[in-house]
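J.: Sharing a structure, written as structure tokens. Questions coming.
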Amino acid sequence: MKKEYLILAVVILALSAYLVFKKDNQQNYTLPAPMKIEKGKINKIVITRKNLAMELARKGETWVVSDKKFTADMTLVNNMLDVARNLRISALISESKDSIRYELDDDHAIGVKAFKGKDLLLSFKIGKTAPSFNHTFIMLAGDTRIFQADKNFKKDFDTSVETLRDKKVMTFKEASIKKITLEKNGVAKILKSVKAENDKKEDPVQWKFEDGTSPDKEALTNLLSSLSFLVCERFSDSLSKESLEKESPLIKITLENETPIILNIFRNNGDSMVGTSSMSPYPFVLESYKSKDIFSYVDKLAGLVKETKK
């Protein structure tokens, strides 16, 4: 009996050691570790899909997109840079080259290359998002295996030139404005800021029309707030700023500080309005609710007659 117990114990220990050190149908592997790229080192990103390529490049403190050098939205660019600089692989998913299953084939994959000048720092392909929605399937350049990367970042690169463009068309500090000229229907109203006679901390500056009357305070606050960080819906490639500004705008707003800032809103384009700004080289389209708000504030502020539909 003692011999049998001893033999059984030896067998159990042997099987345990076998299970620990010998894993059937599995292969030991080391996950690749893409190098961590220092902040500010990347100055160009190329995104490809099928045979189409889109390039983003750093220009001074900003980034531009496409060969037309459109100013890019820095929030969207920084999202891409964060992924490229900190790409982390958490698991090996497949060694079977099953690229179609993970949308890493040529018809679906998104290629990403990060450069410093002409030096390629990182190259990988993006497939579909993992079922967890917290990971993304990728392939590294020169490697046929499929990996799982941390974070869901496909949406950051599945984009277009139009989406990546910076759509800010007007920005200023409200306190810097000293004079406002509102023009509509051939009528012009001028507002100037003046120092309050009483030195109340809550209202040190007052606005007055040329005739000394005071404007609607709420309408003025709303107008300046809506214009101080004005973002358009999209830019219009079918119009030129020069030809558009030869026409008479429906509304023209001039804001003066050290340099005058001019906003023109022109004819109706569907449900939206076309506009130009002295702070943007491109004509743009405003969402209908934004243009309606601006018209409403101007009408209420200056008492201008609203246009009637013919």
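Every chain in the structure tokens has a letter given in the order shown (A, B, ...), and although residue numbers restart at 1 in each chain, ligands are simply numbered from 1 in the order shown.
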Just list the residues in stretch 58-296 of chain A DSSP gives alpha helix (DSSP H) on the backbone, as an NGL selection string.
T.: :A and (74-85 or 154-157 or 161-164 or 217-228 or 241-244 or 288-296)
J.: Go ahead and dump the residues you just picked, C-alpha atoms, as an mmCIF file, in the first residue's frame.
T.:
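Produced file part.cif, reproduced below:
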data_model
loop_
_atom_site.group_PDB
_atom_site.id
_atom_site.type_symbol
_atom_site.label_atom_id
_atom_site.label_comp_id
_atom_site.auth_asym_id
_atom_site.auth_seq_id
_atom_site.Cartn_x
_atom_site.Cartn_y
_atom_site.Cartn_z
ATOM 1 C CA MET A 74 -5.917 70.053 -33.467
ATOM 2 C CA THR A 75 -8.184 67.987 -31.227
ATOM 3 C CA LEU A 76 -8.533 65.344 -33.951
ATOM 4 C CA VAL A 77 -4.818 65.492 -34.814
ATOM 5 C CA ASN A 78 -3.817 65.094 -31.168
ATOM 6 C CA ASN A 79 -6.013 61.995 -30.897
ATOM 7 C CA MET A 80 -4.045 60.418 -33.766
ATOM 8 C CA LEU A 81 -0.700 61.473 -32.333
ATOM 9 C CA ASP A 82 -1.622 59.978 -28.962
ATOM 10 C CA VAL A 83 -2.385 56.605 -30.597
ATOM 11 C CA ALA A 84 0.815 56.595 -32.659
ATOM 12 C CA ARG A 85 3.031 57.636 -29.759
ATOM 13 C CA LYS A 154 -10.358 53.111 -35.481
ATOM 14 C CA LYS A 155 -12.766 56.067 -35.485
ATOM 15 C CA ASP A 156 -9.822 58.463 -35.086
ATOM 16 C CA PHE A 157 -8.314 57.373 -38.420
ATOM 17 C CA VAL A 161 -10.082 65.760 -45.289
ATOM 18 C CA GLU A 162 -13.357 67.634 -44.750
ATOM 19 C CA THR A 163 -13.812 66.136 -41.277
ATOM 20 C CA LEU A 164 -10.233 66.956 -40.285
ATOM 21 C CA LYS A 217 -28.171 93.792 -22.999
ATOM 22 C CA GLU A 218 -29.231 90.152 -23.371
ATOM 23 C CA ALA A 219 -29.215 90.318 -27.177
ATOM 24 C CA LEU A 220 -25.739 91.921 -27.155
ATOM 25 C CA THR A 221 -24.384 89.270 -24.790
ATOM 26 C CA ASN A 222 -25.854 86.486 -26.919
ATOM 27 C CA LEU A 223 -24.486 87.960 -30.148
ATOM 28 C CA LEU A 224 -20.938 88.333 -28.846
ATOM 29 C CA SER A 225 -21.062 84.892 -27.273
ATOM 30 C CA SER A 226 -22.230 83.240 -30.517
ATOM 31 C CA LEU A 227 -19.552 84.994 -32.595
ATOM 32 C CA SER A 228 -16.594 84.715 -30.207
ATOM 33 C CA LYS A 241 -14.568 84.228 -51.180
ATOM 34 C CA GLU A 242 -13.676 86.968 -53.657
ATOM 35 C CA SER A 243 -16.714 86.460 -55.900
ATOM 36 C CA LEU A 244 -19.065 86.056 -52.956
ATOM 37 C CA SER A 288 -29.520 77.023 -40.051
ATOM 38 C CA TYR A 289 -30.005 77.384 -36.285
ATOM 39 C CA LYS A 290 -26.782 79.389 -35.947
ATOM 40 C CA SER A 291 -27.635 81.796 -38.752
ATOM 41 C CA LYS A 292 -31.204 82.200 -37.417
ATOM 42 C CA ASP A 293 -29.830 83.001 -33.957
ATOM 43 C CA ILE A 294 -27.444 85.626 -35.368
ATOM 44 C CA PHE A 295 -30.257 87.235 -37.410
ATOM 45 C CA SER A 296 -32.499 87.228 -34.346
#
J.: Could you pull the residues within 8 Å of stretch 116-121 of chain A, counting only C-alpha atoms, minus those fewer than 6 positions along the same chain, as a VMD selection string?
T.: chain A and resid 37 41 to 44
J.: Identify, on the basis of only C-alpha atoms, every residue whose closest approach to A:Glu233 does not exceed 7 Å; exclude the query and any residue fewer than 5 positions from it along the same chain; express the result as a ChimeraX atom specification.
T.: /A:285-287
J.: So which one's closest to A:Lys50, A:Arg145, A:Met139, A:Gly127, A:Ala109? Using only C-alpha atoms, please.
T.: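 Under the stated criterion, the closest residue is A:Ala109.
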J.: Might you pull out every residue within 10 Å of A:Glu183, with only C-alpha atoms counted and same-chain residues fewer than 4 positions away left off, and present them as a ChimeraX atom specification?
T.: /A:187-190,249-254,264,298,302,304
J.: Produce a file of the selected residues containing C-alpha atoms, as a short mmCIF file (atom, residue, chain, number, x, y, z; two decimals), in the first residue's frame.
T.:
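New file part_13.cif:
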data_model
loop_
_atom_site.label_atom_id
_atom_site.label_comp_id
_atom_site.auth_asym_id
_atom_site.auth_seq_id
_atom_site.Cartn_x
_atom_site.Cartn_y
_atom_site.Cartn_z
CA VAL A 187 -29.36 100.27 -42.49
CA ALA A 188 -26.26 100.54 -40.28
CA LYS A 189 -26.21 100.72 -36.49
CA ILE A 190 -23.05 101.44 -34.53
CA PRO A 249 -24.66 90.39 -47.79
CA LEU A 250 -27.92 89.88 -45.94
CA ILE A 251 -26.07 90.83 -42.78
CA LYS A 252 -22.64 92.34 -42.21
CA ILE A 253 -21.14 92.54 -38.73
CA THR A 254 -17.91 94.41 -38.07
CA ASN A 264 -20.77 88.49 -43.90
CA VAL A 298 -29.15 91.57 -34.70
CA ALA A 302 -30.57 97.10 -33.42
CA LEU A 304 -33.76 96.33 -37.75
#
